[in-house]
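A.B. asks: So that you have it, the file is input_4.pdb, and it contains PDB, C-alpha atoms and all ligand atoms:
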MODEL        1
ATOM      1  CA  MET L   1     199.970  83.308 136.654  1.00  0.00           C
ATOM      2  CA  LYS L   2     197.638  86.263 136.725  1.00  0.00           C
ATOM      3  CA  LYS L   3     197.167  87.790 140.141  1.00  0.00           C
ATOM      4  CA  ASN L   4     193.731  87.398 141.649  1.00  0.00           C
ATOM      5  CA  GLU L   5     193.363  91.173 141.477  1.00  0.00           C
ATOM      6  CA  ASP L   6     193.655  90.972 137.693  1.00  0.00           C
ATOM      7  CA  THR L   7     191.310  88.012 137.324  1.00  0.00           C
ATOM      8  CA  ARG L   8     187.737  88.607 136.279  1.00  0.00           C
ATOM      9  CA  ILE L   9     185.015  86.171 137.192  1.00  0.00           C
ATOM     10  CA  LEU L  10     181.512  86.389 135.794  1.00  0.00           C
ATOM     11  CA  ILE L  11     178.698  84.725 137.735  1.00  0.00           C
ATOM     12  CA  ILE L  12     175.586  83.953 135.695  1.00  0.00           C
ATOM     13  CA  GLU L  13     172.999  83.026 138.271  1.00  0.00           C
ATOM     14  CA  ASP L  14     169.403  84.141 138.769  1.00  0.00           C
ATOM     15  CA  GLU L  15     169.209  83.416 142.488  1.00  0.00           C
ATOM     16  CA  ARG L  16     170.451  86.719 143.770  1.00  0.00           C
ATOM     17  CA  HIS L  17     171.389  85.565 147.269  1.00  0.00           C
ATOM     18  CA  ILE L  18     173.575  82.765 145.879  1.00  0.00           C
ATOM     19  CA  ALA L  19     175.169  85.095 143.341  1.00  0.00           C
ATOM     20  CA  GLU L  20     175.852  87.773 145.962  1.00  0.00           C
ATOM     21  CA  GLY L  21     177.267  85.206 148.377  1.00  0.00           C
ATOM     22  CA  LEU L  22     179.667  83.874 145.773  1.00  0.00           C
ATOM     23  CA  LYS L  23     180.647  87.366 144.710  1.00  0.00           C
ATOM     24  CA  LEU L  24     181.420  88.315 148.285  1.00  0.00           C
ATOM     25  CA  ASN L  25     183.580  85.256 148.890  1.00  0.00           C
ATOM     26  CA  LEU L  26     185.399  85.465 145.573  1.00  0.00           C
ATOM     27  CA  GLY L  27     185.926  89.124 146.372  1.00  0.00           C
ATOM     28  CA  PHE L  28     187.654  88.146 149.644  1.00  0.00           C
ATOM     29  CA  GLN L  29     190.137  86.167 147.537  1.00  0.00           C
ATOM     30  CA  GLY L  30     190.821  89.311 145.573  1.00  0.00           C
ATOM     31  CA  TYR L  31     188.998  88.401 142.365  1.00  0.00           C
ATOM     32  CA  VAL L  32     187.083  90.997 140.415  1.00  0.00           C
ATOM     33  CA  VAL L  33     183.520  89.717 140.133  1.00  0.00           C
ATOM     34  CA  ARG L  34     180.403  90.655 138.223  1.00  0.00           C
ATOM     35  CA  ILE L  35     176.941  89.131 138.349  1.00  0.00           C
ATOM     36  CA  ALA L  36     174.475  88.573 135.507  1.00  0.00           C
ATOM     37  CA  LEU L  37     170.999  87.552 136.596  1.00  0.00           C
ATOM     38  CA  ASP L  38     169.931  85.829 133.386  1.00  0.00           C
ATOM     39  CA  GLY L  39     171.390  84.172 130.322  1.00  0.00           C
ATOM     40  CA  ILE L  40     171.074  87.137 127.988  1.00  0.00           C
ATOM     41  CA  ALA L  41     172.702  89.529 130.426  1.00  0.00           C
ATOM     42  CA  GLY L  42     175.356  86.871 130.947  1.00  0.00           C
ATOM     43  CA  LEU L  43     176.176  86.670 127.257  1.00  0.00           C
ATOM     44  CA  GLN L  44     176.348  90.462 127.033  1.00  0.00           C
ATOM     45  CA  GLU L  45     178.757  90.653 129.970  1.00  0.00           C
ATOM     46  CA  TRP L  46     180.871  87.846 128.548  1.00  0.00           C
ATOM     47  CA  LYS L  47     181.216  89.773 125.282  1.00  0.00           C
ATOM     48  CA  SER L  48     181.820  93.220 126.641  1.00  0.00           C
ATOM     49  CA  TRP L  49     183.689  92.554 129.908  1.00  0.00           C
ATOM     50  CA  GLN L  50     185.749  89.558 128.744  1.00  0.00           C
ATOM     51  CA  PRO L  51     186.031  87.623 132.002  1.00  0.00           C
ATOM     52  CA  ASP L  52     188.720  85.014 132.706  1.00  0.00           C
ATOM     53  CA  LEU L  53     186.296  82.467 134.100  1.00  0.00           C
ATOM     54  CA  ILE L  54     182.549  81.937 134.158  1.00  0.00           C
ATOM     55  CA  VAL L  55     180.387  80.418 136.872  1.00  0.00           C
ATOM     56  CA  LEU L  56     177.187  79.328 135.175  1.00  0.00           C
ATOM     57  CA  ASP L  57     173.904  78.236 136.690  1.00  0.00           C
ATOM     58  CA  LEU L  58     171.882  75.868 134.516  1.00  0.00           C
ATOM     59  CA  MET L  59     168.341  76.821 135.413  1.00  0.00           C
ATOM     60  CA  LEU L  60     167.998  80.376 134.207  1.00  0.00           C
ATOM     61  CA  PRO L  61     165.015  82.399 133.043  1.00  0.00           C
ATOM     62  CA  GLY L  62     164.849  83.150 129.329  1.00  0.00           C
ATOM     63  CA  ILE L  63     167.583  81.143 127.719  1.00  0.00           C
ATOM     64  CA  ASP L  64     168.867  78.275 129.817  1.00  0.00           C
ATOM     65  CA  GLY L  65     172.415  77.645 130.966  1.00  0.00           C
ATOM     66  CA  VAL L  66     173.108  74.957 128.389  1.00  0.00           C
ATOM     67  CA  SER L  67     172.248  77.341 125.535  1.00  0.00           C
ATOM     68  CA  VAL L  68     174.453  79.997 127.104  1.00  0.00           C
ATOM     69  CA  LEU L  69     177.260  77.463 127.339  1.00  0.00           C
ATOM     70  CA  ARG L  70     176.902  76.379 123.732  1.00  0.00           C
ATOM     71  CA  ASN L  71     176.778  79.948 122.510  1.00  0.00           C
ATOM     72  CA  ILE L  72     180.026  80.759 124.316  1.00  0.00           C
ATOM     73  CA  ARG L  73     181.778  77.613 123.102  1.00  0.00           C
ATOM     74  CA  LEU L  74     181.034  78.482 119.475  1.00  0.00           C
ATOM     75  CA  GLU L  75     183.404  81.412 119.867  1.00  0.00           C
ATOM     76  CA  ASP L  76     185.633  80.573 122.770  1.00  0.00           C
ATOM     77  CA  GLU L  77     186.920  77.056 123.375  1.00  0.00           C
ATOM     78  CA  ARG L  78     189.158  78.007 126.220  1.00  0.00           C
ATOM     79  CA  ILE L  79     187.529  80.150 128.843  1.00  0.00           C
ATOM     80  CA  PRO L  80     187.022  77.962 131.926  1.00  0.00           C
ATOM     81  CA  ILE L  81     183.372  77.404 132.766  1.00  0.00           C
ATOM     82  CA  LEU L  82     182.184  75.978 136.042  1.00  0.00           C
ATOM     83  CA  VAL L  83     178.576  74.906 136.038  1.00  0.00           C
ATOM     84  CA  LEU L  84     176.336  75.075 139.069  1.00  0.00           C
ATOM     85  CA  SER L  85     173.366  72.811 138.904  1.00  0.00           C
ATOM     86  CA  ALA L  86     170.405  72.215 141.125  1.00  0.00           C
ATOM     87  CA  LYS L  87     169.101  69.492 138.901  1.00  0.00           C
ATOM     88  CA  THR L  88     169.822  65.908 139.710  1.00  0.00           C
ATOM     89  CA  ALA L  89     169.462  64.304 136.305  1.00  0.00           C
ATOM     90  CA  PRO L  90     172.772  62.573 135.515  1.00  0.00           C
ATOM     91  CA  ASP L  91     172.211  63.436 131.869  1.00  0.00           C
ATOM     92  CA  ASP L  92     172.779  67.072 132.615  1.00  0.00           C
ATOM     93  CA  LYS L  93     176.291  66.500 133.729  1.00  0.00           C
ATOM     94  CA  VAL L  94     177.198  64.400 130.711  1.00  0.00           C
ATOM     95  CA  GLN L  95     175.535  66.901 128.375  1.00  0.00           C
ATOM     96  CA  CYS L  96     177.409  69.788 129.944  1.00  0.00           C
ATOM     97  CA  PHE L  97     180.774  68.075 129.635  1.00  0.00           C
ATOM     98  CA  SER L  98     180.040  67.135 126.045  1.00  0.00           C
ATOM     99  CA  PHE L  99     179.410  70.815 125.308  1.00  0.00           C
ATOM    100  CA  GLY L 100     182.712  71.836 126.852  1.00  0.00           C
ATOM    101  CA  VAL L 101     182.195  72.493 130.533  1.00  0.00           C
ATOM    102  CA  ASP L 102     185.376  72.334 132.623  1.00  0.00           C
ATOM    103  CA  ASP L 103     183.906  71.647 136.011  1.00  0.00           C
ATOM    104  CA  TYR L 104     180.568  70.945 137.579  1.00  0.00           C
ATOM    105  CA  LEU L 105     179.162  71.446 141.074  1.00  0.00           C
ATOM    106  CA  GLN L 106     175.801  70.373 142.323  1.00  0.00           C
ATOM    107  CA  LYS L 107     173.868  72.654 144.641  1.00  0.00           C
ATOM    108  CA  PRO L 108     174.037  72.824 147.555  1.00  0.00           C
ATOM    109  CA  PHE L 109     177.810  72.849 147.573  1.00  0.00           C
ATOM    110  CA  ASN L 110     180.563  73.536 150.034  1.00  0.00           C
ATOM    111  CA  LEU L 111     181.986  77.029 149.678  1.00  0.00           C
ATOM    112  CA  ASP L 112     185.584  75.968 150.261  1.00  0.00           C
ATOM    113  CA  GLU L 113     185.287  73.322 147.586  1.00  0.00           C
ATOM    114  CA  PHE L 114     183.883  75.916 145.197  1.00  0.00           C
ATOM    115  CA  LEU L 115     186.787  78.280 145.861  1.00  0.00           C
ATOM    116  CA  LEU L 116     189.376  75.533 145.440  1.00  0.00           C
ATOM    117  CA  ARG L 117     187.863  74.438 142.150  1.00  0.00           C
ATOM    118  CA  ILE L 118     187.933  77.999 140.867  1.00  0.00           C
ATOM    119  CA  GLU L 119     191.564  78.335 141.863  1.00  0.00           C
ATOM    120  CA  ARG L 120     192.390  75.045 140.177  1.00  0.00           C
ATOM    121  CA  LEU L 121     190.649  76.007 136.929  1.00  0.00           C
ATOM    122  CA  LEU L 122     192.495  79.302 136.768  1.00  0.00           C
ATOM    123  CA  LYS L 123     195.817  77.612 137.446  1.00  0.00           C
ATOM    124  CA  ARG L 124     195.252  75.206 134.627  1.00  0.00           C
ATOM    125  CA  VAL L 125     194.666  78.044 132.196  1.00  0.00           C
ATOM    126  CA  SER L 126     197.920  79.675 133.221  1.00  0.00           C
ATOM    127  CA  TRP L 127     199.828  76.386 132.820  1.00  0.00           C
ATOM    128  CA  ASN L 128     198.490  76.023 129.340  1.00  0.00           C
ATOM    129  CA  ARG L 129     199.692  79.498 128.516  1.00  0.00           C
ATOM    130  CA  SER L 130     203.075  79.234 130.154  1.00  0.00           C
ATOM    131  CA  SER L 131     205.313  77.270 127.766  1.00  0.00           C
ATOM    132  CA  ASP L 132     206.661  79.694 125.108  1.00  0.00           C
ATOM    133  CA  GLY L 133     203.456  81.679 125.493  1.00  0.00           C
ATOM    134  CA  VAL L 134     201.828  79.226 123.116  1.00  0.00           C
ATOM    135  CA  GLU L 135     198.532  77.833 124.241  1.00  0.00           C
ATOM    136  CA  GLU L 136     198.000  74.114 124.162  1.00  0.00           C
ATOM    137  CA  GLY L 137     195.299  72.291 122.359  1.00  0.00           C
ATOM    138  CA  GLU L 138     193.772  72.614 118.954  1.00  0.00           C
ATOM    139  CA  PRO L 139     190.568  74.578 118.706  1.00  0.00           C
ATOM    140  CA  ALA L 140     187.887  72.087 117.716  1.00  0.00           C
ATOM    141  CA  PHE L 141     186.986  74.114 114.647  1.00  0.00           C
ATOM    142  CA  GLY L 142     190.460  75.150 113.606  1.00  0.00           C
ATOM    143  CA  GLY L 143     191.351  74.615 110.010  1.00  0.00           C
ATOM    144  CA  PHE L 144     189.002  73.622 107.254  1.00  0.00           C
ATOM    145  CA  TYR L 145     185.673  72.007 106.721  1.00  0.00           C
ATOM    146  CA  ASP L 146     184.733  70.584 103.318  1.00  0.00           C
ATOM    147  CA  PHE L 147     181.310  69.648 102.076  1.00  0.00           C
ATOM    148  CA  GLY L 148     180.261  69.181  98.466  1.00  0.00           C
ATOM    149  CA  LYS L 149     182.233  71.678  96.402  1.00  0.00           C
ATOM    150  CA  ASN L 150     182.579  73.998  99.332  1.00  0.00           C
ATOM    151  CA  ARG L 151     185.444  74.612 101.679  1.00  0.00           C
ATOM    152  CA  ILE L 152     185.237  76.715 104.785  1.00  0.00           C
ATOM    153  CA  ASP L 153     188.390  78.144 106.250  1.00  0.00           C
ATOM    154  CA  PHE L 154     187.660  78.919 109.892  1.00  0.00           C
ATOM    155  CA  THR L 155     191.008  80.554 110.472  1.00  0.00           C
ATOM    156  CA  LEU L 156     190.437  83.207 107.831  1.00  0.00           C
ATOM    157  CA  SER L 157     186.617  83.244 108.034  1.00  0.00           C
ATOM    158  CA  VAL L 158     186.410  82.589 104.342  1.00  0.00           C
ATOM    159  CA  ALA L 159     184.400  80.150 102.216  1.00  0.00           C
ATOM    160  CA  TYR L 160     185.394  78.861  98.804  1.00  0.00           C
ATOM    161  CA  CYS L 161     182.368  77.842  96.815  1.00  0.00           C
ATOM    162  CA  ASN L 162     182.707  76.948  93.157  1.00  0.00           C
ATOM    163  CA  ASP L 163     185.940  78.936  92.816  1.00  0.00           C
ATOM    164  CA  GLU L 164     184.309  81.891  94.401  1.00  0.00           C
ATOM    165  CA  LYS L 165     185.726  83.357  97.573  1.00  0.00           C
ATOM    166  CA  ILE L 166     183.254  84.625 100.122  1.00  0.00           C
ATOM    167  CA  ASN L 167     184.133  86.498 103.277  1.00  0.00           C
ATOM    168  CA  LEU L 168     181.974  85.222 106.094  1.00  0.00           C
ATOM    169  CA  THR L 169     180.722  87.355 108.964  1.00  0.00           C
ATOM    170  CA  GLU L 170     181.237  86.401 112.583  1.00  0.00           C
ATOM    171  CA  GLN L 171     177.580  85.477 112.861  1.00  0.00           C
ATOM    172  CA  GLU L 172     177.713  83.325 109.742  1.00  0.00           C
ATOM    173  CA  ILE L 173     180.750  81.460 111.081  1.00  0.00           C
ATOM    174  CA  LYS L 174     178.977  80.883 114.359  1.00  0.00           C
ATOM    175  CA  LEU L 175     175.893  79.444 112.698  1.00  0.00           C
ATOM    176  CA  ILE L 176     177.911  77.248 110.363  1.00  0.00           C
ATOM    177  CA  LYS L 177     179.781  75.824 113.363  1.00  0.00           C
ATOM    178  CA  LEU L 178     176.491  75.177 115.079  1.00  0.00           C
ATOM    179  CA  PHE L 179     175.154  73.337 112.050  1.00  0.00           C
ATOM    180  CA  ILE L 180     178.312  71.285 111.620  1.00  0.00           C
ATOM    181  CA  ALA L 181     178.365  70.346 115.304  1.00  0.00           C
ATOM    182  CA  ASN L 182     174.783  69.134 114.906  1.00  0.00           C
ATOM    183  CA  ARG L 183     175.169  67.480 111.539  1.00  0.00           C
ATOM    184  CA  GLY L 184     172.236  65.221 110.801  1.00  0.00           C
ATOM    185  CA  LYS L 185     170.205  66.521 113.732  1.00  0.00           C
ATOM    186  CA  PRO L 186     167.190  68.776 113.389  1.00  0.00           C
ATOM    187  CA  LEU L 187     167.589  72.254 114.843  1.00  0.00           C
ATOM    188  CA  SER L 188     164.523  74.302 115.615  1.00  0.00           C
ATOM    189  CA  ARG L 189     164.493  78.009 114.843  1.00  0.00           C
ATOM    190  CA  LYS L 190     164.105  78.640 118.541  1.00  0.00           C
ATOM    191  CA  LYS L 191     167.255  76.660 119.414  1.00  0.00           C
ATOM    192  CA  LEU L 192     169.168  78.321 116.584  1.00  0.00           C
ATOM    193  CA  LEU L 193     168.233  81.728 117.971  1.00  0.00           C
ATOM    194  CA  GLU L 194     169.014  80.744 121.541  1.00  0.00           C
ATOM    195  CA  ILE L 195     172.387  79.210 120.884  1.00  0.00           C
ATOM    196  CA  GLY L 196     173.466  81.141 117.805  1.00  0.00           C
ATOM    197  CA  TRP L 197     172.379  84.598 118.881  1.00  0.00           C
ATOM    198  CA  GLY L 198     171.510  84.313 122.552  1.00  0.00           C
ATOM    199  CA  TYR L 199     167.974  85.470 121.811  1.00  0.00           C
ATOM    200  CA  THR L 200     164.886  84.214 123.464  1.00  0.00           C
ATOM    201  CA  GLY L 201     161.143  84.404 123.352  1.00  0.00           C
ATOM    202  CA  LYS L 202     159.367  86.207 120.594  1.00  0.00           C
ATOM    203  CA  THR L 203     162.347  87.497 118.678  1.00  0.00           C
ATOM    204  CA  GLU L 204     162.194  87.233 114.941  1.00  0.00           C
ATOM    205  CA  THR L 205     162.576  83.715 113.690  1.00  0.00           C
ATOM    206  CA  ARG L 206     162.844  85.315 110.251  1.00  0.00           C
ATOM    207  CA  THR L 207     166.385  86.241 111.212  1.00  0.00           C
ATOM    208  CA  VAL L 208     167.251  82.561 111.021  1.00  0.00           C
ATOM    209  CA  ASP L 209     165.450  82.113 107.714  1.00  0.00           C
ATOM    210  CA  ASN L 210     167.392  84.995 106.176  1.00  0.00           C
ATOM    211  CA  PHE L 211     170.677  83.350 107.063  1.00  0.00           C
ATOM    212  CA  ILE L 212     169.540  80.072 105.568  1.00  0.00           C
ATOM    213  CA  VAL L 213     168.610  81.838 102.345  1.00  0.00           C
ATOM    214  CA  ARG L 214     172.117  83.270 102.235  1.00  0.00           C
ATOM    215  CA  PHE L 215     173.785  79.917 103.025  1.00  0.00           C
ATOM    216  CA  ARG L 216     171.867  78.254 100.253  1.00  0.00           C
ATOM    217  CA  LYS L 217     172.988  80.923  97.836  1.00  0.00           C
ATOM    218  CA  TYR L 218     176.604  80.395  98.869  1.00  0.00           C
ATOM    219  CA  PHE L 219     176.742  76.632  99.197  1.00  0.00           C
ATOM    220  CA  GLU L 220     173.997  74.937  97.220  1.00  0.00           C
ATOM    221  CA  GLU L 221     174.270  74.116  93.543  1.00  0.00           C
ATOM    222  CA  ASN L 222     170.573  74.684  93.300  1.00  0.00           C
ATOM    223  CA  PRO L 223     169.358  76.877  96.161  1.00  0.00           C
ATOM    224  CA  LYS L 224     165.779  75.888  95.398  1.00  0.00           C
ATOM    225  CA  LYS L 225     166.623  72.226  95.913  1.00  0.00           C
ATOM    226  CA  PRO L 226     169.026  72.346  98.812  1.00  0.00           C
ATOM    227  CA  LYS L 227     171.161  69.303  99.577  1.00  0.00           C
ATOM    228  CA  PHE L 228     172.969  70.619 102.626  1.00  0.00           C
ATOM    229  CA  PHE L 229     170.761  73.133 104.397  1.00  0.00           C
ATOM    230  CA  LYS L 230     167.380  71.509 104.352  1.00  0.00           C
ATOM    231  CA  SER L 231     164.101  72.715 105.816  1.00  0.00           C
ATOM    232  CA  LEU L 232     162.137  70.500 108.118  1.00  0.00           C
ATOM    233  CA  ARG L 233     158.564  71.559 107.977  1.00  0.00           C
ATOM    234  CA  SER L 234     157.275  72.991 111.291  1.00  0.00           C
ATOM    235  CA  VAL L 235     160.584  72.143 112.954  1.00  0.00           C
ATOM    236  CA  GLY L 236     163.397  74.215 111.513  1.00  0.00           C
ATOM    237  CA  TYR L 237     166.505  73.142 109.662  1.00  0.00           C
ATOM    238  CA  ILE L 238     168.915  70.265 109.345  1.00  0.00           C
ATOM    239  CA  PHE L 239     172.436  70.247 107.970  1.00  0.00           C
ATOM    240  CA  ASN L 240     173.412  67.101 106.126  1.00  0.00           C
ATOM    241  CA  HIS L 241     176.152  66.106 103.847  1.00  0.00           C
ATOM    242  CA  GLU L 242     177.500  62.643 104.379  1.00  0.00           C
ATOM    243  CA  ASP L 243     174.466  60.697 103.298  1.00  0.00           C
ATOM    244  CA  GLU L 244     174.534  62.600 100.007  1.00  0.00           C
ATOM    245  CA  SER L 245     176.920  60.211  98.313  1.00  0.00           C
ATOM    246  CA  GLU L 246     179.572  62.020  96.350  1.00  0.00           C
TER     247      GLU L 246
HETATM  248 CA    CA Z 301     168.735  79.123 138.829  1.00  0.00          CA
ENDMDL
END
Once you've parsed the file, please lay out its structure as structure tokens.

C.D. replies:
Amino acid sequence: MKKNEDTRILIIEDERHIAEGLKLNLGFQGYVVRIALDGIAGLQEWKSWQPDLIVLDLMLPGIDGVSVLRNIRLEDERIPILVLSAKTAPDDKVQCFSFGVDDYLQKPFNLDEFLLRIERLLKRVSWNRSSDGVEEGEPAFGGFYDFGKNRIDFTLSVAYCNDEKINLTEQEIKLIKLFIANRGKPLSRKKLLEIGWGYTGKTETRTVDNFIVRFRKYFEENPKKPKFFKSLRSVGYIFNHEDESE
């Protein structure tokens, strides 16, 4: 197991006094801790600092905790995430677990319990790594995904469309995963930006449209009459394939 001194914990929490309190106490245990005060800063730290565990508050300014969580899970299935929530809606908890949260604590919480849960989460990661250095579990998006005449190979980041091989960018892979995970459900441009890019507010929704144009060129037989990546007027987009009988 990694020593605490080599373990990085990122706290994404906008209430500074809570964040500082947690940092202090995790610091006493020897962990290396950083704080991000909003979702966007959190995603940036996650990318650049590569923490071993994330403590995530749900109610954040800008993009909310659930969008942050979903964004991270599109790229990393394994990093332990402990959610802190002030909300009481039971739905929240279920939603968080369905999007891949490992543990959940409701505010206000007991500090000792928090520290024990962190320790437990980190232990579990090291157990999973221990046997022959091979990690357990299949990544949810490992392997292939087929729709129509297209095949996406997530391991190689490649798509085969009508005998053509297309190398997909990291961002394209991320968006495709997001669409597949939400098959048959409308996704607004705003949600696509929040989850897929970690953007918020008035950023260019055209960014999304440009990707859709590209996807249609890759995957649709007739990009002008899309079967898979459809527009929903004044909403956004929806990815469909099963109800198109083949
Ligand atoms: Ca908050």

A.B. asks: Counting all atoms listed in the file, which of L:Phe147, L:Lys123, L:Arg73, L:Pro186 gets nearest to Ser98 in chain L?

C.D. replies: L:Arg73

A.B. asks: Near range 54-69 of chain L, within 6 Å and counting only C-alpha atoms, which residues show up once chain neighbours fewer than 6 positions away are dropped, as a short mmCIF file (atom, residue, chain, number, x, y, z; two decimals) with C-alpha atoms, keeping the file's coordinate frame?

C.D. replies:
data_model
loop_
_atom_site.label_atom_id
_atom_site.label_comp_id
_atom_site.auth_asym_id
_atom_site.auth_seq_id
_atom_site.Cartn_x
_atom_site.Cartn_y
_atom_site.Cartn_z
CA ILE L 9 185.02 86.17 137.19
CA LEU L 10 181.51 86.39 135.79
CA ILE L 11 178.70 84.72 137.74
CA ILE L 12 175.59 83.95 135.70
CA GLU L 13 173.00 83.03 138.27
CA ASP L 38 169.93 85.83 133.39
CA GLY L 39 171.39 84.17 130.32
CA ILE L 81 183.37 77.40 132.77
CA LEU L 82 182.18 75.98 136.04
CA VAL L 83 178.58 74.91 136.04
CA LEU L 84 176.34 75.08 139.07
CA SER L 85 173.37 72.81 138.90
CA ILE L 195 172.39 79.21 120.88
CA THR L 200 164.89 84.21 123.46
#

A.B. asks: Nearest residue to ligand CA 301 (chain Z) out of L:Ala181, L:Ile18, L:Val235, L:Ile176, using all atoms listed in the file?

C.D. replies: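 Selected residue with least distance to ligand CA 301 (chain Z): L:Ile18.
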
A.B. asks: Expand the PyMOL selection byres (((chain L and resi 187) around 7) and not hetatm) into the explicit residue set it covers here, and present it as a list of chain:residue names.

C.D. replies: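 Against this file, the PyMOL selection byres (((chain L and resi 187) around 7) and not hetatm) returns the residues L:Lys185, L:Pro186, L:Ser188, L:Arg189, L:Lys191, L:Leu192, L:Gly236, L:Tyr237, L:Ile238.
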
A.B. asks: Run the PyMOL selection byres (((chain L and resi 216) around 12) and not hetatm) on the file and write out the hits as a list of chain:residue names.

C.D. replies: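 For this structure, the PyMOL selection byres (((chain L and resi 216) around 12) and not hetatm) captures L:Asn150, L:Cys161, L:Ile176, L:Asp209, L:Asn210, L:Phe211, L:Ile212, L:Val213, L:Arg214, L:Phe215, L:Lys217, L:Tyr218, L:Phe219, L:Glu220, L:Glu221, L:Asn222, L:Pro223, L:Lys224, L:Lys225, L:Pro226, L:Lys227, L:Phe228, L:Phe229, L:Lys230, L:Ser231, L:Tyr237, L:Phe239.
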
A.B. asks: To one decimal in Å, tell me the separation between CA of Asp112 in chain L and CA of Gly42 in chain L.

C.D. replies: 24.4 Å

A.B. asks: Using only C-alpha atoms and all ligand atoms, which of L:Gln29, L:Gln44, L:Gln106, L:Asn71 sits nearest ligand CA 301 (chain Z)?

C.D. replies: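 Once distances to ligand CA 301 (chain Z) are computed over only C-alpha atoms and all ligand atoms, the minimum belongs to L:Gln106.
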